[in-house]
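> Below you will find the structure I want to go over with you.
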Amino acid sequence: MVSAMTEFPREQWYVAAYGREIGRELFSRTVCGESILFWRTGAGEVTATSDRCVHRRFPLAEPPSRLVGDRVVCGYHGFSYGADGRCVAVPGQTRVPRTARLRSYPVLERDSFVWVWIGDPERADAAAIPRARCLDAPGYTVVSGMEPLEAGYQLLVDNLLDLSHETYLHGGYIGTPEVADTPITTEVDDEAGVVYVSRRMADAECPPFYARSTGLSGRITRWQDIEYRPPCLYQLHSRIAPVGVLPNADLSDPAAFHVEVVYAITPETGHSTHDFWAVARDFALDDAGVSEFLAEQNRIVVLQDVAALNVLQRVLDTEPAGYQELSINIDTGGLAARRLLARLVERSEPRGTGDGAGRAATPVTAR
């Protein structure tokens with residue numbers, strides 16, 4: 001029996017935004033139940049603090065709160081805060097209370113994402129941020145977006161680890177009969193905390209998503225190699241080539257098309273999720289038409305998942321306690337992911353919501 005988790009692993013890095021979303025305007029996003037304020041300093045650095053004024057809890061991202069230089073001024077009573085969360089001015093007095101400071105979060109930009117640390121700031125290690133280098137590297141063109149999901153994050157993990165649903169939910173876009181018909185192989189690296197799921201189709205129909213973007217027609221060799229690093233980062237390494245065309249002995253693969261599909265799965269609350277998605281390709285790099293097509297098609301696919309998972313969450317919320325689900329071979333990757341997520345949750349130290357005043361974060365050094 002399982003339903004979407006209402007708890008999430010803490011002491012973890014999560015994607016809070018794309019770098020392009022954060023500028024010289026106050027921006028708020030809830031991550032793991034914590035409302036966080038983001039903005040860029042005059043030097044271009046992203047800062048992250050609690051989005052609640054310590055005085056009367058007014059949301060600092062809400063007008064008439066504003067950014068003045070590198071200070072946030074609360075629009076309710078005028079408390080002012082520096083980029084480190086320290087209160088630097090209060091109305092009607094010169095003394096600033098010692099405890100008047102916002103909780104500050106370690107934050108770093110990697111691979112076009114803005115990552116925020118949820119947990120004890122002294123435990124934040126930049127080296128632990130999982131990489132998706134294809135999103136910000138030469139030789140790839142990327143389209144990306146984010147869709148809100150009114151379902152728990154584990155339902156999205158289940159969905160992405162079992163791609164057999166493409167045949168039924170995404171027919172006419174990325175799904176073909178071979179996806180559901182082809183067995184998977186699953187490997188788990190318990191020490192590294194990574195789940196690998198592969199489905200390799202030697203002779204498959206070419207779905208519209210790839211036919212129109214690559215120009216291939218007829219039957220194809222299609223590989224789907226998944227790499228999931230709990231709790232946040234999912235990567236699908238897709239290889240598409242004419243039937244019979246395989247990589248060279250030196251693993252070079254000039255006759256194939258490669259698509260990297262990346263999801264950052266960020267819990268908002270126990271029953272809502274930020275579904276960040278990106279598609280990177282190594283072909284037609286300067287073709288705006290291909291970019292427009294892939295962005296439109298992938299967003300449709302994501303919204304199909306969103307609609308299905310929103311329904312599933314509502315159903316699970318009404319299920320009686322102790323209901324049983326049935327798992328089969330295609331679920332091995334998802335079940336392994338659940339186990340790793342449960343282990344991360346168990347290792348998380350109990351802590352408060354983090355919305356109020358708290359100690360400043362220890363600076364994180366990029367490595």
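We label chains A, B, ... in the order they appear in the structure tokens, count residues from 1 in each chain, and number ligands from 1 in the order shown.
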Using 9 Å as the limit and counting only C-alpha atoms, can you tabulate each residue of region 202-265 of chain A that touches region 151-157 of chain A, with its shortest atom-to-atom distance in Å and the two atoms involved, as CSV?

```
residue,atom,partner,partner_atom,distance
A:Tyr228,CA,A:Val157,CA,8.9
A:Pro231,CA,A:Val157,CA,8.9
A:Tyr234,CA,A:Val157,CA,8.5
A:Ile265,CA,A:Tyr153,CA,6.6
```
> Please write the residues from the selection above to a file, keeping C-alpha atoms, as a short mmCIF file (atom, residue, chain, number, x, y, z; two decimals), in the first residue's frame.

```
data_model
loop_
_atom_site.label_atom_id
_atom_site.label_comp_id
_atom_site.auth_asym_id
_atom_site.auth_seq_id
_atom_site.Cartn_x
_atom_site.Cartn_y
_atom_site.Cartn_z
CA TYR A 228 17.37 8.99 -11.34
CA PRO A 231 15.19 13.15 -4.49
CA TYR A 234 15.79 12.63 -13.34
CA ILE A 265 11.08 17.08 -9.23
#
```
> Could you pull out the residues in region 145-320 of chain A that DSSP calls strand (DSSP E) from the backbone, as a ChimeraX atom specification?
/A:145-149,185-189,194-205,219-229,233-242,257-269,272-281
> CA of Val302 (chain A) to CA of Ala278 (chain A): how many Å, to one decimal?
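Going from CA of Val302 (chain A) over to CA of Ala278 (chain A) covers 10.5 Å.
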> Would you kindly return, as an MDAnalysis selection string, each protein, DNA or RNA residue with an atom no farther than 8 Å from any atom of Ala61 (chain A), considering only C-alpha atoms and excluding same-chain residues fewer than 5 positions away?
chainID A and resid 26:28 37 51 66
> One number please: CA of Ala137 (chain A) to CA of Asp111 (chain A), in Å, one decimal.
8.1 Å
> Can you tell me, as a PyMOL selection string, what residues are no more than 6 Å from Thr49 (chain A) when counting only C-alpha atoms, ignoring any on the same chain fewer than 3 positions away?
chain A and resi 36-37+103-105
> Produce a file of the selected residues containing N, CA and C atoms, as a tab-separated table (two decimals), in the first residue's frame.

```
chain	number	residue	atom	x	y	z
A	36	ILE	N	10.07	30.68	0.19
A	36	ILE	CA	11.41	31.25	0.06
A	36	ILE	C	11.39	32.43	-0.90
A	37	LEU	N	12.09	33.49	-0.52
A	37	LEU	CA	12.20	34.70	-1.32
A	37	LEU	C	13.53	34.68	-2.07
A	103	ARG	N	15.53	33.82	7.91
A	103	ARG	CA	16.32	32.61	7.67
A	103	ARG	C	16.93	32.70	6.28
A	104	SER	N	18.21	32.46	6.19
A	104	SER	CA	18.92	32.50	4.92
A	104	SER	C	19.21	31.08	4.45
A	105	TYR	N	19.08	30.84	3.13
A	105	TYR	CA	19.25	29.51	2.56
A	105	TYR	C	20.48	29.48	1.66
```
> Counting only C-alpha atoms, figure out which residue out of A:Thr214, A:Gln313, A:Gln224, A:Gln304 gets nearest to Ala256 (chain A).
A:Thr214
> Hey, can you check how far CA of Pro63 (chain A) sits from CA of Gly75 (chain A)?
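Going from CA of Pro63 (chain A) over to CA of Gly75 (chain A), I get 6.3 Å.
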> Give me the residues near Arg222 (chain A) as a PyMOL selection string, where near means some atom within 7 Å (using only C-alpha atoms) and where sequence neighbours in that chain fewer than 6 positions away do not count.
chain A and resi 200-202+204+239-241
> I need the chosen residues saved as a PDB file, in the first residue's frame, with N, CA and C atoms.

```
ATOM      1  N   ARG A 200      15.554  -0.788 -24.369  1.00  0.00           N
ATOM      2  CA  ARG A 200      16.190  -0.614 -25.672  1.00  0.00           C
ATOM      3  C   ARG A 200      15.402  -1.370 -26.735  1.00  0.00           C
ATOM      4  N   MET A 201      14.890  -0.613 -27.684  1.00  0.00           N
ATOM      5  CA  MET A 201      14.028  -1.152 -28.738  1.00  0.00           C
ATOM      6  C   MET A 201      14.806  -1.202 -30.043  1.00  0.00           C
ATOM      7  N   ALA A 202      15.003  -2.408 -30.577  1.00  0.00           N
ATOM      8  CA  ALA A 202      15.813  -2.576 -31.785  1.00  0.00           C
ATOM      9  C   ALA A 202      15.053  -2.229 -33.050  1.00  0.00           C
ATOM     10  N   ALA A 204      11.449  -0.248 -33.824  1.00  0.00           N
ATOM     11  CA  ALA A 204      10.269   0.404 -33.267  1.00  0.00           C
ATOM     12  C   ALA A 204       9.711   1.440 -34.239  1.00  0.00           C
ATOM     13  N   ARG A 239      18.295   7.723 -27.408  1.00  0.00           N
ATOM     14  CA  ARG A 239      19.037   7.560 -28.653  1.00  0.00           C
ATOM     15  C   ARG A 239      18.076   7.103 -29.729  1.00  0.00           C
ATOM     16  N   ILE A 240      18.090   7.786 -30.871  1.00  0.00           N
ATOM     17  CA  ILE A 240      17.201   7.468 -31.983  1.00  0.00           C
ATOM     18  C   ILE A 240      18.048   7.331 -33.242  1.00  0.00           C
ATOM     19  N   ALA A 241      17.908   6.214 -33.951  1.00  0.00           N
ATOM     20  CA  ALA A 241      18.686   5.979 -35.165  1.00  0.00           C
ATOM     21  C   ALA A 241      17.895   5.049 -36.074  1.00  0.00           C
TER      22      ALA A 241
END
```
> Which neighbours of Leu135 (chain A) fall inside 12 Å, counting only C-alpha atoms, when residues of the same chain fewer than 2 positions from it are skipped, and could you give them as a ChimeraX atom specification?
/A:18-19,110-113,131-133,137-144,235,259-263,277-282
> For each of A:Arg123, A:Arg314, A:His274, A:Arg219, take the minimum atom-to-atom distance to Glu11 (chain A), counting only C-alpha atoms, then give the residue where this is smallest.
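So, comparing all the options, the nearest one is A:Arg123.
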> Hey, which of A:Leu326, A:Cys32, A:Ala100, A:Val90 ends up closest to Val54 (chain A)? Count only C-alpha atoms.
A:Ala100
> Please give the complete set of residues from region 67-267 of chain A that DSSP, run on the backbone, assigns to alpha helix (DSSP H), formatted as a list of chain:residue names.
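For region 67-267 of chain A, the alpha helix (DSSP H) set is A:Tyr153, A:Gln154, A:Leu155, A:Leu156, A:Val157, A:Asp158, A:Asn159, A:Leu160, A:Leu161, A:Glu166, A:Thr167, A:Tyr168, A:Leu169, A:Pro177, A:Glu178, A:Val179, A:Ala180, A:Asp181, A:Pro208, A:Phe209, A:Tyr210, A:Ala211, A:Arg212, A:Ser213, A:Thr214.
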> Can you spit out the residues from that selection as an mmCIF file, in the first residue's frame, using C-alpha atoms?

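Result went into out.cif, see below:
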```
data_model
loop_
_atom_site.group_PDB
_atom_site.id
_atom_site.type_symbol
_atom_site.label_atom_id
_atom_site.label_comp_id
_atom_site.auth_asym_id
_atom_site.auth_seq_id
_atom_site.Cartn_x
_atom_site.Cartn_y
_atom_site.Cartn_z
ATOM 1 C CA TYR A 153 6.149 14.378 -5.796
ATOM 2 C CA GLN A 154 6.415 10.598 -5.435
ATOM 3 C CA LEU A 155 3.602 10.101 -7.939
ATOM 4 C CA LEU A 156 5.699 11.983 -10.494
ATOM 5 C CA VAL A 157 8.720 9.834 -9.638
ATOM 6 C CA ASP A 158 6.625 6.686 -10.194
ATOM 7 C CA ASN A 159 5.411 8.097 -13.510
ATOM 8 C CA LEU A 160 8.875 8.899 -14.841
ATOM 9 C CA LEU A 161 10.492 5.626 -13.755
ATOM 10 C CA GLU A 166 3.880 6.449 -22.933
ATOM 11 C CA THR A 167 2.095 3.886 -25.104
ATOM 12 C CA TYR A 168 -1.279 4.675 -23.571
ATOM 13 C CA LEU A 169 -1.137 8.196 -22.158
ATOM 14 C CA PRO A 177 3.322 0.018 -28.914
ATOM 15 C CA GLU A 178 6.959 -1.035 -28.560
ATOM 16 C CA VAL A 179 7.506 1.040 -25.416
ATOM 17 C CA ALA A 180 5.026 -0.983 -23.384
ATOM 18 C CA ASP A 181 5.970 -4.273 -25.060
ATOM 19 C CA PRO A 208 5.816 12.088 -34.236
ATOM 20 C CA PHE A 209 7.959 13.728 -31.539
ATOM 21 C CA TYR A 210 11.086 12.278 -33.148
ATOM 22 C CA ALA A 211 9.948 11.905 -36.760
ATOM 23 C CA ARG A 212 9.234 15.611 -37.163
ATOM 24 C CA SER A 213 12.268 16.813 -35.227
ATOM 25 C CA THR A 214 14.872 14.474 -36.772
#
```
